[in-house]
file work-v1.csv (CSV, C-alpha atoms and all ligand atoms)
chain,number,residue,atom,x,y,z
K,1,MET,CA,154.4,-116.0,-33.8
K,2,PRO,CA,153.8,-114.8,-37.3
K,3,THR,CA,151.4,-111.8,-37.7
K,4,ALA,CA,148.1,-112.4,-39.5
K,5,ARG,CA,149.6,-110.8,-42.6
K,6,GLU,CA,152.6,-113.1,-42.5
K,7,THR,CA,150.4,-116.1,-42.1
K,8,THR,CA,148.4,-115.1,-45.1
K,9,ASP,CA,151.6,-114.6,-47.1
K,10,ILE,CA,152.9,-118.1,-46.6
K,11,ARG,CA,149.6,-119.7,-47.5
K,12,PRO,CA,148.9,-120.4,-51.2
K,13,ALA,CA,146.4,-117.7,-52.3
K,14,ASP,CA,144.0,-120.2,-53.6
K,15,PRO,CA,144.6,-123.6,-52.0
K,16,LEU,CA,142.1,-125.4,-54.3
K,17,ALA,CA,143.4,-124.0,-57.5
K,18,THR,CA,144.1,-126.4,-60.4
K,19,PRO,CA,146.0,-125.6,-63.6
K,20,TRP,CA,142.7,-125.4,-65.4
K,21,SER,CA,141.1,-123.1,-62.9
K,22,ARG,CA,144.2,-120.8,-63.0
K,23,ALA,CA,144.2,-120.8,-66.8
K,24,PHE,CA,140.5,-119.8,-66.6
K,25,GLY,CA,141.3,-117.0,-64.1
K,26,LEU,CA,139.1,-118.6,-61.4
K,27,ARG,CA,139.7,-118.3,-57.7
K,28,VAL,CA,137.6,-121.3,-57.0
K,29,PRO,CA,137.5,-124.5,-59.2
K,30,VAL,CA,133.7,-124.7,-59.3
K,31,VAL,CA,131.4,-124.2,-62.2
K,32,ASN,CA,127.7,-124.1,-61.8
K,33,ALA,CA,125.9,-126.6,-64.0
K,34,PRO,CA,123.9,-124.9,-66.7
K,35,MET,CA,120.4,-125.6,-65.3
K,36,GLY,CA,117.5,-124.7,-67.5
K,37,GLY,CA,114.9,-122.7,-65.7
K,38,VAL,CA,117.2,-122.5,-62.6
K,39,ALA,CA,120.6,-121.1,-63.5
K,40,GLY,CA,119.8,-117.8,-65.0
K,41,GLY,CA,122.0,-114.7,-65.3
K,42,ALA,CA,121.7,-113.9,-61.6
K,43,LEU,CA,123.0,-117.3,-60.4
K,44,ALA,CA,125.8,-117.2,-63.0
K,45,ALA,CA,126.8,-113.7,-62.0
K,46,ALA,CA,126.8,-114.8,-58.3
K,47,VAL,CA,129.0,-117.8,-59.0
K,48,THR,CA,131.5,-115.7,-61.0
K,49,ALA,CA,131.5,-113.0,-58.3
K,50,ALA,CA,132.3,-115.8,-55.7
K,51,GLY,CA,135.3,-116.8,-57.7
K,52,GLY,CA,133.9,-119.7,-59.8
K,53,LEU,CA,132.6,-119.8,-63.3
K,54,GLY,CA,128.9,-119.0,-63.6
K,55,MET,CA,126.9,-120.7,-66.4
K,56,ILE,CA,123.6,-119.7,-67.8
K,57,GLY,CA,121.5,-122.8,-68.5
K,58,MET,CA,119.0,-123.2,-71.3
K,59,GLY,CA,117.1,-126.4,-71.1
K,60,SER,CA,114.3,-128.2,-72.9
K,61,ALA,CA,112.1,-125.1,-73.0
K,62,ALA,CA,114.9,-122.7,-74.1
K,63,THR,CA,114.2,-119.8,-76.4
K,64,PRO,CA,116.7,-117.3,-77.9
K,65,GLU,CA,114.8,-114.5,-76.2
K,66,ALA,CA,115.1,-116.1,-72.8
K,67,LEU,CA,118.8,-116.7,-73.4
K,68,ARG,CA,119.3,-113.0,-74.3
K,69,ARG,CA,117.4,-111.9,-71.2
K,70,GLU,CA,119.6,-114.0,-68.9
K,71,ILE,CA,122.7,-112.9,-70.7
K,72,ASP,CA,121.7,-109.2,-70.0
K,73,ARG,CA,121.3,-110.1,-66.3
K,74,ALA,CA,124.7,-111.8,-66.2
K,75,CYS,CA,126.4,-108.9,-68.0
K,76,ALA,CA,125.1,-106.5,-65.4
K,77,ILE,CA,127.9,-107.8,-63.2
K,78,THR,CA,131.5,-107.8,-64.3
K,79,GLY,CA,133.3,-111.1,-64.9
K,80,PRO,CA,133.2,-114.1,-67.3
K,81,PHE,CA,130.3,-116.4,-67.6
K,82,GLY,CA,129.5,-119.5,-69.6
K,83,ILE,CA,126.4,-120.8,-71.4
K,84,GLY,CA,125.1,-124.3,-71.5
K,85,LEU,CA,122.7,-125.7,-74.2
K,86,VAL,CA,121.0,-129.0,-74.9
K,87,ASP,CA,121.9,-130.7,-78.2
K,88,TRP,CA,118.4,-131.4,-79.5
K,89,VAL,CA,117.1,-128.0,-78.4
K,90,ALA,CA,119.9,-126.2,-80.2
K,91,ALA,CA,119.2,-128.4,-83.3
K,92,ARG,CA,115.6,-127.3,-83.3
K,93,ARG,CA,116.3,-123.6,-82.7
K,94,PRO,CA,119.5,-122.6,-84.5
K,95,ALA,CA,119.0,-119.0,-83.3
K,96,LEU,CA,119.8,-120.3,-79.8
K,97,LEU,CA,123.3,-121.3,-80.7
K,98,ALA,CA,123.7,-118.1,-82.7
K,99,ALA,CA,122.7,-116.0,-79.7
K,100,ALA,CA,125.1,-118.0,-77.4
K,101,LEU,CA,128.0,-117.5,-79.9
K,102,ASP,CA,127.2,-113.8,-80.2
K,103,ALA,CA,127.5,-113.4,-76.4
K,104,ARG,CA,131.1,-114.6,-76.6
K,105,PRO,CA,130.8,-116.6,-73.3
K,106,ALA,CA,134.0,-117.7,-71.6
K,107,LEU,CA,132.8,-121.3,-72.0
K,108,LEU,CA,130.1,-122.8,-74.3
K,109,ALA,CA,128.8,-126.2,-73.3
K,110,VAL,CA,126.5,-128.3,-75.5
K,111,SER,CA,125.6,-131.6,-74.0
K,112,PHE,CA,123.5,-134.7,-74.8
K,113,GLY,CA,124.3,-135.1,-78.5
K,114,ASP,CA,126.9,-136.4,-81.0
K,115,GLU,CA,126.6,-133.5,-83.5
K,116,LEU,CA,129.8,-131.5,-82.8
K,117,THR,CA,130.0,-128.9,-85.5
K,118,TRP,CA,129.3,-126.2,-82.8
K,119,VAL,CA,132.8,-126.9,-81.5
K,120,SER,CA,134.6,-125.3,-84.5
K,121,ARG,CA,132.0,-122.5,-84.6
K,122,ALA,CA,132.9,-121.7,-81.0
K,123,HIS,CA,136.6,-122.0,-81.6
K,124,GLU,CA,136.5,-119.7,-84.6
K,125,ARG,CA,135.3,-117.0,-82.2
K,126,GLY,CA,137.8,-117.8,-79.5
K,127,ILE,CA,135.2,-119.5,-77.3
K,128,ARG,CA,136.3,-122.5,-75.2
K,129,THR,CA,134.1,-125.5,-75.2
K,130,ALA,CA,132.8,-128.2,-72.8
K,131,THR,CA,130.4,-131.1,-72.9
K,132,GLN,CA,129.2,-133.7,-70.4
K,133,VAL,CA,130.4,-137.3,-71.0
K,134,PHE,CA,129.1,-140.5,-69.5
K,135,THR,CA,131.7,-143.1,-70.4
K,136,ALA,CA,135.4,-143.2,-71.3
K,137,GLU,CA,134.7,-143.9,-74.9
K,138,HIS,CA,132.4,-140.9,-75.0
K,139,ALA,CA,135.2,-138.8,-73.5
K,140,ARG,CA,137.6,-140.0,-76.1
K,141,ARG,CA,135.3,-139.0,-78.9
K,142,ALA,CA,134.7,-135.6,-77.4
K,143,ALA,CA,138.4,-135.0,-76.9
K,144,ASP,CA,139.1,-136.1,-80.5
K,145,ALA,CA,136.5,-133.5,-81.6
K,146,GLY,CA,138.6,-130.8,-80.0
K,147,ILE,CA,136.4,-130.1,-77.0
K,148,ASP,CA,138.5,-128.1,-74.4
K,149,VAL,CA,137.2,-129.4,-71.1
K,150,LEU,CA,135.1,-132.5,-70.4
K,151,VAL,CA,132.6,-132.9,-67.6
K,152,ALA,CA,132.5,-136.5,-66.3
K,153,ARG,CA,129.0,-136.6,-65.1
K,154,GLY,CA,128.0,-139.5,-62.9
K,155,SER,CA,124.6,-141.1,-62.5
K,156,GLU,CA,124.1,-139.6,-59.1
K,157,GLY,CA,123.6,-136.2,-60.7
K,158,GLY,CA,120.4,-134.3,-61.1
K,159,GLY,CA,118.5,-133.6,-64.3
K,160,HIS,CA,119.2,-135.5,-67.5
K,161,GLY,CA,122.1,-137.8,-68.1
K,162,ALA,CA,123.1,-141.4,-68.7
K,163,VAL,CA,122.7,-143.7,-65.7
K,164,THR,CA,125.7,-145.8,-66.7
K,165,MET,CA,128.4,-145.0,-64.2
K,166,ALA,CA,128.7,-143.3,-60.9
K,167,THR,CA,130.8,-140.1,-60.5
K,168,LEU,CA,134.1,-141.5,-59.0
K,169,PRO,CA,134.5,-144.6,-61.3
K,170,LEU,CA,133.6,-142.4,-64.3
K,171,LEU,CA,136.1,-139.7,-63.2
K,172,ASP,CA,138.8,-142.3,-62.9
K,173,ALA,CA,138.0,-143.8,-66.3
K,174,VAL,CA,137.8,-140.5,-68.1
K,175,LEU,CA,141.0,-139.2,-66.6
K,176,ALA,CA,142.7,-142.3,-67.8
K,177,ALA,CA,141.2,-142.0,-71.3
K,178,VAL,CA,142.0,-138.3,-72.2
K,179,ASP,CA,144.6,-135.6,-71.7
K,180,VAL,CA,142.2,-132.6,-71.6
K,181,PRO,CA,141.0,-131.1,-68.3
K,182,VAL,CA,138.1,-133.0,-66.7
K,183,LEU,CA,135.5,-131.5,-64.3
K,184,ALA,CA,133.6,-133.9,-62.1
K,185,ALA,CA,129.8,-133.7,-61.8
K,186,GLY,CA,127.2,-135.7,-60.0
K,187,GLY,CA,126.6,-135.5,-56.2
K,188,ILE,CA,129.1,-132.8,-55.4
K,189,GLY,CA,127.6,-130.4,-52.8
K,190,SER,CA,129.8,-130.2,-49.8
K,191,ALA,CA,133.4,-129.6,-48.6
K,192,ALA,CA,134.0,-133.3,-48.5
K,193,SER,CA,132.7,-134.1,-52.0
K,194,LEU,CA,134.6,-131.2,-53.5
K,195,ALA,CA,137.8,-132.2,-51.8
K,196,ALA,CA,137.2,-135.8,-52.9
K,197,VAL,CA,137.0,-135.0,-56.7
K,198,LEU,CA,139.9,-132.6,-56.6
K,199,ALA,CA,142.0,-135.2,-54.8
K,200,ALA,CA,141.0,-137.7,-57.4
K,201,GLY,CA,142.4,-135.5,-60.2
K,202,ALA,CA,139.5,-133.4,-61.3
K,203,SER,CA,140.3,-130.0,-62.6
K,204,GLY,CA,137.2,-128.7,-60.9
K,205,ALA,CA,133.6,-129.5,-60.0
K,206,TRP,CA,130.5,-128.8,-62.1
K,207,VAL,CA,127.7,-128.5,-59.6
K,208,GLY,CA,124.0,-128.5,-60.2
K,209,THR,CA,121.8,-129.6,-57.3
K,210,GLY,CA,124.1,-128.1,-54.6
K,211,LEU,CA,123.5,-124.6,-56.0
K,212,ALA,CA,120.0,-125.0,-57.4
K,213,ALA,CA,118.2,-123.7,-54.3
K,214,CYS,CA,120.6,-120.7,-53.7
K,215,ALA,CA,119.0,-117.4,-53.2
K,216,GLU,CA,120.0,-116.2,-56.7
K,217,SER,CA,118.4,-119.2,-58.6
K,218,LEU,CA,115.2,-119.1,-60.7
K,219,LEU,CA,113.8,-122.1,-59.0
K,220,SER,CA,110.1,-121.7,-58.2
K,221,PRO,CA,108.9,-121.5,-54.6
K,222,SER,CA,107.5,-125.1,-54.7
K,223,GLY,CA,110.7,-126.4,-56.3
K,224,ARG,CA,112.8,-124.8,-53.6
K,225,ALA,CA,110.6,-126.1,-50.8
K,226,ALA,CA,110.8,-129.6,-52.3
K,227,MET,CA,114.6,-129.5,-52.5
K,228,LEU,CA,115.0,-128.3,-48.9
K,229,ALA,CA,112.7,-131.1,-47.7
K,230,ALA,CA,114.2,-133.9,-49.7
K,231,ASP,CA,116.9,-136.3,-48.8
K,232,GLY,CA,119.2,-138.3,-51.1
K,233,ALA,CA,116.9,-141.3,-51.3
K,234,ASP,CA,114.0,-139.1,-52.6
K,235,THR,CA,115.2,-139.0,-56.2
K,236,VAL,CA,113.9,-141.1,-59.1
K,237,VAL,CA,115.2,-141.6,-62.6
K,238,THR,CA,112.4,-141.2,-65.1
K,239,THR,CA,111.3,-140.4,-68.7
K,240,ALA,CA,107.7,-139.7,-67.7
K,241,VAL,CA,108.1,-135.9,-67.6
K,242,ASP,CA,109.7,-135.7,-71.0
K,243,VAL,CA,107.0,-138.0,-72.5
K,244,ALA,CA,104.3,-135.9,-70.9
K,245,LEU,CA,105.7,-132.7,-72.2
K,246,ASP,CA,106.6,-134.1,-75.7
K,247,TYR,CA,110.3,-133.4,-75.3
K,248,PRO,CA,112.3,-135.6,-77.7
K,249,TRP,CA,115.0,-136.5,-75.2
K,250,PRO,CA,117.0,-139.7,-76.3
K,251,ALA,CA,115.8,-142.6,-74.1
K,252,HIS,CA,119.3,-143.1,-72.8
K,253,PHE,CA,119.2,-139.7,-71.1
K,254,PRO,CA,116.4,-140.0,-68.6
K,255,SER,CA,116.2,-137.3,-65.9
K,256,ARG,CA,116.8,-137.7,-62.1
K,257,VAL,CA,114.1,-135.8,-60.3
K,258,LEU,CA,112.5,-135.5,-56.9
K,259,ARG,CA,109.8,-138.1,-56.2
K,260,ASN,CA,106.2,-136.6,-56.2
K,261,GLU,CA,102.7,-137.8,-57.1
K,262,PHE,CA,103.1,-137.4,-60.8
K,263,VAL,CA,106.5,-139.1,-61.0
K,264,THR,CA,105.4,-142.0,-58.8
K,265,GLU,CA,102.2,-142.5,-60.8
K,266,TRP,CA,103.8,-142.5,-64.2
K,267,THR,CA,107.4,-143.7,-64.1
K,268,GLY,CA,107.4,-147.1,-65.8
K,269,ARG,CA,104.0,-146.4,-67.4
K,270,GLU,CA,105.2,-144.0,-70.0
K,271,ASP,CA,103.3,-145.7,-72.8
K,272,ALA,CA,100.0,-145.2,-71.0
K,273,LEU,CA,101.0,-141.6,-70.3
K,274,ARG,CA,101.6,-140.9,-73.9
K,275,ALA,CA,98.0,-141.9,-74.7
K,276,ASP,CA,96.5,-140.0,-71.7
K,277,THR,CA,95.9,-136.5,-72.8
K,278,ALA,CA,94.2,-135.5,-69.6
K,279,ALA,CA,97.2,-136.5,-67.5
K,280,ARG,CA,99.5,-134.6,-69.8
K,281,ASP,CA,97.4,-131.5,-69.7
K,282,ALA,CA,97.2,-131.8,-65.9
K,283,LEU,CA,101.0,-131.8,-65.7
K,284,ARG,CA,101.2,-128.6,-67.8
K,285,ALA,CA,98.6,-127.0,-65.6
K,286,GLY,CA,100.4,-128.2,-62.5
K,287,ILE,CA,103.7,-126.7,-63.7
K,288,ALA,CA,102.0,-123.4,-64.4
K,289,ALA,CA,100.4,-123.4,-60.9
K,290,ASP,CA,103.7,-124.4,-59.2
K,291,ASP,CA,101.8,-127.4,-57.8
K,292,PRO,CA,104.3,-129.6,-55.8
K,293,ARG,CA,102.3,-132.7,-56.4
K,294,LEU,CA,103.0,-132.4,-60.2
K,295,LEU,CA,105.9,-130.0,-60.6
K,296,PRO,CA,109.0,-131.8,-61.9
K,297,VAL,CA,112.1,-130.8,-59.9
K,298,ASP,CA,115.4,-132.0,-61.3
K,299,ALA,CA,117.7,-133.0,-58.4
K,300,GLY,CA,120.6,-135.4,-57.8
K,301,GLN,CA,121.4,-137.7,-54.8
K,302,GLY,CA,123.2,-134.9,-53.1
K,303,VAL,CA,119.9,-133.1,-52.6
K,304,GLY,CA,120.0,-134.0,-48.9
K,305,LEU,CA,122.9,-131.6,-48.4
K,306,VAL,CA,120.6,-128.7,-49.5
K,307,THR,CA,119.0,-127.6,-46.3
K,308,ALA,CA,118.7,-123.8,-46.5
K,309,VAL,CA,118.3,-121.0,-49.1
K,310,GLU,CA,121.6,-119.2,-48.9
K,311,PRO,CA,123.5,-116.8,-51.2
K,312,VAL,CA,125.9,-118.5,-53.6
K,313,ALA,CA,128.9,-116.7,-52.0
K,314,ASP,CA,128.2,-118.3,-48.6
K,315,VAL,CA,127.8,-121.8,-50.0
K,316,LEU,CA,131.0,-121.6,-52.1
K,317,ASP,CA,132.9,-120.1,-49.3
K,318,ALA,CA,131.9,-122.9,-46.8
K,319,TRP,CA,132.7,-125.6,-49.4
K,320,CYS,CA,136.0,-124.2,-50.3
K,321,ARG,CA,137.2,-123.4,-46.8
K,322,GLY,CA,136.2,-126.9,-45.7
K,323,ALA,CA,137.7,-128.6,-48.8
K,324,ALA,CA,141.0,-126.7,-48.3
K,325,GLY,CA,141.1,-127.8,-44.7
K,326,LEU,CA,140.4,-131.4,-45.5
K,327,LEU,CA,143.0,-131.6,-48.2
K,328,ALA,CA,145.6,-129.8,-46.1
K,329,ALA,CA,144.9,-132.2,-43.2
K,330,ARG,CA,145.5,-135.2,-45.3
K,331,PRO,CA,149.3,-136.0,-45.6
K,332,ALA,CA,150.4,-136.8,-49.1
K,333,GLY,CA,150.4,-140.5,-49.7
K,334,HIS,CA,147.5,-141.2,-47.4
R,401,LIG,C1,117.7,-128.4,-61.7
R,401,LIG,C2,118.6,-128.9,-62.7
R,401,LIG,C3,118.5,-128.5,-64.1
R,401,LIG,C4,119.4,-129.0,-65.0
R,401,LIG,N1,119.3,-128.5,-66.3
R,401,LIG,C5,120.3,-128.8,-67.2
R,401,LIG,C6,120.4,-128.2,-68.5
R,401,LIG,O1,119.5,-127.4,-68.8
R,401,LIG,N2,121.4,-128.5,-69.3
R,401,LIG,C7,122.4,-129.3,-68.9
R,401,LIG,O2,123.4,-129.5,-69.7
R,401,LIG,N3,122.4,-130.0,-67.7
R,401,LIG,C8,121.4,-129.7,-66.8
R,401,LIG,N4,121.3,-130.3,-65.6
R,401,LIG,C9,122.4,-131.4,-65.3
R,401,LIG,C10,123.7,-130.7,-64.9
R,401,LIG,O3,124.4,-130.2,-66.0
R,401,LIG,C11,124.6,-131.7,-64.2
R,401,LIG,O4,124.8,-132.9,-65.0
R,401,LIG,C12,124.1,-132.2,-62.8
R,401,LIG,O5,123.5,-131.1,-62.1
R,401,LIG,C13,125.3,-132.7,-62.0
R,401,LIG,O6,124.9,-133.3,-60.8
R,401,LIG,P1,124.4,-132.7,-59.5
R,401,LIG,O7,123.0,-132.2,-59.7
R,401,LIG,O8,124.4,-133.8,-58.5
R,401,LIG,O9,125.3,-131.6,-59.1
R,401,LIG,C14,120.4,-129.9,-64.6
R,401,LIG,C15,120.5,-130.3,-63.3
R,401,LIG,C16,119.7,-129.8,-62.4
R,401,LIG,C17,119.8,-130.3,-60.9
call {"tool": "encode", "arguments": {"input": "work-v1.csv", "output": "structure tokens", "more": "lines below"}}
Ligand SMILES: Cc1cc2nc3c(=O)[nH]c(=O)nc-3n(C[C@H](O)[C@H](O)[C@H](O)COP(=O)(O)O)c2cc1C
result
Amino acid sequence: MPTARETTDIRPADPLATPWSRAFGLRVPVVNAPMGGVAGGALAAAVTAAGGLGMIGMGSAATPEALRREIDRACAITGPFGIGLVDWVAARRPALLAAALDARPALLAVSFGDELTWVSRAHERGIRTATQVFTAEHARRAADAGIDVLVARGSEGGGHGAVTMATLPLLDAVLAAVDVPVLAAGGIGSAASLAAVLAAGASGAWVGTGLAACAESLLSPSGRAAMLAADGADTVVTTAVDVALDYPWPAHFPSRVLRNEFVTEWTGREDALRADTAARDALRAGIAADDPRLLPVDAGQGVGLVTAVEPVADVLDAWCRGAAGLLAARPAGH
């Protein structure tokens, strides 16, 4: 019988490692999605400490000050982290991109736009780049623009995104279309789903919903409670929240959120909402009061897997151990 030490020695040190995760110096091929208002410096630091790549997310309401505050929080812990911005927000507030570049993140992602001059600005500073893609054609354009890693983001995913293709068909199509590393996103939040996308050829997983309720996230108490209570059938794709808050999201990027009173009442009635100042004011007041009937909570169809508030380290450890076991148990060719 081998001793415990010998057993460890004959196992690969990181059974889930991919060439991309190794090149990035990660122990775990998981990146947390940059979730505005949820993935701050503490979540990013916890993901990095657990062996993945932590990302600070700046969403529709981002400001350079908020980004600098979260960068300071992430820098309090050693290790690399990334920053994710939204295209139209970065275009409105150039100081946001400047602050992101100044922080020299390990990875800079800008998603939801076709303006790609940020890529060369990042590369000039030695910063690697990523963006979320929704079709094979989109992936080709992003790869041609020099983006280093693509995120194939399926329509199951939480928050904004195209609802064109589901994660696995999209991952297949993007892998066939480009040669750069591809992370899979949308509905990954368990050992089985992590194993599935790695087995399908992804260089890693980009996870939002599955980490959004972790102890280190910035999610509000009502948002956290709603996530824990929801199952995968409780999400809705809507533009109502963006209309109400005057966010100029392109119509082809609606958001997947948890169903609540506001979303149920206004999805499909966005024109009426645009004209209803009282309803829009009520939404702002509801958000400020953390009122679960109104509060928009971005979440994907994997939300049913989120059942407890746990530290990131425990969540990633369980997924990775489970995924390694599943992949090892499956003989090659089956
Ligand atoms: C709470 C939440 C907030 C999000 N905010 C952003 C954001 O600010 N910027 C961004 O690029 N993507 C954002 N996303 C989308 C993620 O980048 C990613 O596409 C999605 O989380 C993947 O699907 P999953 O939620 O099933 O893991 C958000 C997702 C969630 C769940």
call {"tool": "residues_around", "arguments": {"input": "work-v1.csv", "residues": "stretch 247-260 of chain K", "least_positions_apart": "2", "cutoff": "10 Å", "atoms": "all atoms listed in the file", "output": "MDAnalysis selection string"}}
result
chainID K and resid 60:61 86:89 112:113 155:164 223 226:227 230:245 262:265 267 292:301 303
call {"tool": "closest_residue", "arguments": {"input": "work-v1.csv", "among": "K:Leu219, K:Val306, K:Ala95, K:Ile147", "to": "ligand LIG 401 (chain R)", "atoms": "only C-alpha atoms and all ligand atoms"}}
result
K:Leu219
call {"tool": "residues_near_point", "arguments": {"input": "work-v1.csv", "point": "(135.2, -142.3, -72.0)", "cutoff": "9 Å", "atoms": "only C-alpha atoms", "output": "list in words"}}
result
Val133, Phe134, Thr135, Ala136, Glu137, His138, Ala139, Arg140, Arg141, Ala142, Ala152, Leu170, Ala173, Val174, Leu175, Ala176, Ala177 and Val178 of chain K
call {"tool": "atom_distance", "arguments": {"input": "work-v1.csv", "atom1": "atom CA of K:Trp206", "atom2": "atom CA of K:Ala122"}}
result
20.3 Å
call {"tool": "atom_distance", "arguments": {"input": "work-v1.csv", "atom1": "atom CA of K:Ala184", "atom2": "atom CA of K:Val151"}}
result
5.7 Å
call {"tool": "atom_distance", "arguments": {"input": "work-v1.csv", "atom1": "atom CA of K:Leu218", "atom2": "atom CA of K:Met35"}}
result
9.5 Å
call {"tool": "residues_around", "arguments": {"input": "work-v1.csv", "residues": "stretch 51-56 of chain K", "least_positions_apart": "4", "cutoff": "8 Å", "atoms": "all atoms listed in the file", "output": "PyMOL selection string"}}
result
chain K and resi 26-36+39-41+43-47+67+70-71+80-84
call {"tool": "write_last_selection", "arguments": {"input": "work-v1.csv", "atoms": "C-alpha atoms", "output": "PDB file, keeping the file's coordinate frame"}}
result
ATOM      1  CA  LEU K  26     139.100-118.600 -61.400  1.00  0.00           C
ATOM      2  CA  ARG K  27     139.700-118.300 -57.700  1.00  0.00           C
ATOM      3  CA  VAL K  28     137.600-121.300 -57.000  1.00  0.00           C
ATOM      4  CA  PRO K  29     137.500-124.500 -59.200  1.00  0.00           C
ATOM      5  CA  VAL K  30     133.700-124.700 -59.300  1.00  0.00           C
ATOM      6  CA  VAL K  31     131.400-124.200 -62.200  1.00  0.00           C
ATOM      7  CA  ASN K  32     127.700-124.100 -61.800  1.00  0.00           C
ATOM      8  CA  ALA K  33     125.900-126.600 -64.000  1.00  0.00           C
ATOM      9  CA  PRO K  34     123.900-124.900 -66.700  1.00  0.00           C
ATOM     10  CA  MET K  35     120.400-125.600 -65.300  1.00  0.00           C
ATOM     11  CA  GLY K  36     117.500-124.700 -67.500  1.00  0.00           C
ATOM     12  CA  ALA K  39     120.600-121.100 -63.500  1.00  0.00           C
ATOM     13  CA  GLY K  40     119.800-117.800 -65.000  1.00  0.00           C
ATOM     14  CA  GLY K  41     122.000-114.700 -65.300  1.00  0.00           C
ATOM     15  CA  LEU K  43     123.000-117.300 -60.400  1.00  0.00           C
ATOM     16  CA  ALA K  44     125.800-117.200 -63.000  1.00  0.00           C
ATOM     17  CA  ALA K  45     126.800-113.700 -62.000  1.00  0.00           C
ATOM     18  CA  ALA K  46     126.800-114.800 -58.300  1.00  0.00           C
ATOM     19  CA  VAL K  47     129.000-117.800 -59.000  1.00  0.00           C
ATOM     20  CA  LEU K  67     118.800-116.700 -73.400  1.00  0.00           C
ATOM     21  CA  GLU K  70     119.600-114.000 -68.900  1.00  0.00           C
ATOM     22  CA  ILE K  71     122.700-112.900 -70.700  1.00  0.00           C
ATOM     23  CA  PRO K  80     133.200-114.100 -67.300  1.00  0.00           C
ATOM     24  CA  PHE K  81     130.300-116.400 -67.600  1.00  0.00           C
ATOM     25  CA  GLY K  82     129.500-119.500 -69.600  1.00  0.00           C
ATOM     26  CA  ILE K  83     126.400-120.800 -71.400  1.00  0.00           C
ATOM     27  CA  GLY K  84     125.100-124.300 -71.500  1.00  0.00           C
TER      28      GLY K  84
END
call {"tool": "closest_residue", "arguments": {"input": "work-v1.csv", "among": "K:Ala308, K:Arg69, K:Ser190, K:Ala91", "to": "ligand LIG 401 (chain R)", "atoms": "all atoms listed in the file"}}
result
K:Ser190
call {"tool": "closest_residue", "arguments": {"input": "work-v1.csv", "among": "K:Leu96, K:Leu327, K:Ala66, K:Ala289", "to": "K:Val197", "atoms": "only C-alpha atoms"}}
result
K:Leu327
call {"tool": "build_atoms", "arguments": {"input": "work-v1.csv", "residues": "stretch 29-38 of chain K", "atoms": "N, CA, C and O atoms", "output": "PDB file, in the coordinates of the input"}}
result
ATOM      1  N   PRO K  29     137.737-123.566 -58.065  1.00  0.00           N
ATOM      2  CA  PRO K  29     137.500-124.500 -59.200  1.00  0.00           C
ATOM      3  C   PRO K  29     136.135-125.086 -59.226  1.00  0.00           C
ATOM      4  O   PRO K  29     135.956-126.306 -59.217  1.00  0.00           O
ATOM      5  N   VAL K  30     135.145-124.206 -59.239  1.00  0.00           N
ATOM      6  CA  VAL K  30     133.700-124.700 -59.300  1.00  0.00           C
ATOM      7  C   VAL K  30     133.015-123.935 -60.384  1.00  0.00           C
ATOM      8  O   VAL K  30     133.125-122.720 -60.529  1.00  0.00           O
ATOM      9  N   VAL K  31     132.284-124.721 -61.148  1.00  0.00           N
ATOM     10  CA  VAL K  31     131.400-124.200 -62.200  1.00  0.00           C
ATOM     11  C   VAL K  31     130.021-124.591 -61.880  1.00  0.00           C
ATOM     12  O   VAL K  31     129.781-125.739 -61.513  1.00  0.00           O
ATOM     13  N   ASN K  32     129.085-123.639 -61.964  1.00  0.00           N
ATOM     14  CA  ASN K  32     127.700-124.100 -61.800  1.00  0.00           C
ATOM     15  C   ASN K  32     127.209-124.758 -63.036  1.00  0.00           C
ATOM     16  O   ASN K  32     127.478-124.286 -64.142  1.00  0.00           O
ATOM     17  N   ALA K  33     126.515-125.878 -62.869  1.00  0.00           N
ATOM     18  CA  ALA K  33     125.900-126.600 -64.000  1.00  0.00           C
ATOM     19  C   ALA K  33     124.925-125.641 -64.689  1.00  0.00           C
ATOM     20  O   ALA K  33     124.204-124.926 -64.005  1.00  0.00           O
ATOM     21  N   PRO K  34     124.886-125.673 -66.019  1.00  0.00           N
ATOM     22  CA  PRO K  34     123.900-124.900 -66.700  1.00  0.00           C
ATOM     23  C   PRO K  34     122.512-125.514 -66.549  1.00  0.00           C
ATOM     24  O   PRO K  34     122.205-126.484 -67.225  1.00  0.00           O
ATOM     25  N   MET K  35     121.718-125.006 -65.625  1.00  0.00           N
ATOM     26  CA  MET K  35     120.400-125.600 -65.300  1.00  0.00           C
ATOM     27  C   MET K  35     119.294-124.839 -65.890  1.00  0.00           C
ATOM     28  O   MET K  35     119.013-123.723 -65.437  1.00  0.00           O
ATOM     29  N   GLY K  36     118.634-125.427 -66.893  1.00  0.00           N
ATOM     30  CA  GLY K  36     117.500-124.700 -67.500  1.00  0.00           C
ATOM     31  C   GLY K  36     116.451-124.370 -66.521  1.00  0.00           C
ATOM     32  O   GLY K  36     116.074-125.191 -65.694  1.00  0.00           O
ATOM     33  N   GLY K  37     115.989-123.129 -66.565  1.00  0.00           N
ATOM     34  CA  GLY K  37     114.900-122.700 -65.700  1.00  0.00           C
ATOM     35  C   GLY K  37     115.402-122.437 -64.237  1.00  0.00           C
ATOM     36  O   GLY K  37     114.606-122.078 -63.363  1.00  0.00           O
ATOM     37  N   VAL K  38     116.665-122.643 -63.952  1.00  0.00           N
ATOM     38  CA  VAL K  38     117.200-122.500 -62.600  1.00  0.00           C
ATOM     39  C   VAL K  38     118.443-121.607 -62.579  1.00  0.00           C
ATOM     40  O   VAL K  38     118.561-120.693 -61.765  1.00  0.00           O
TER      41      VAL K  38
END
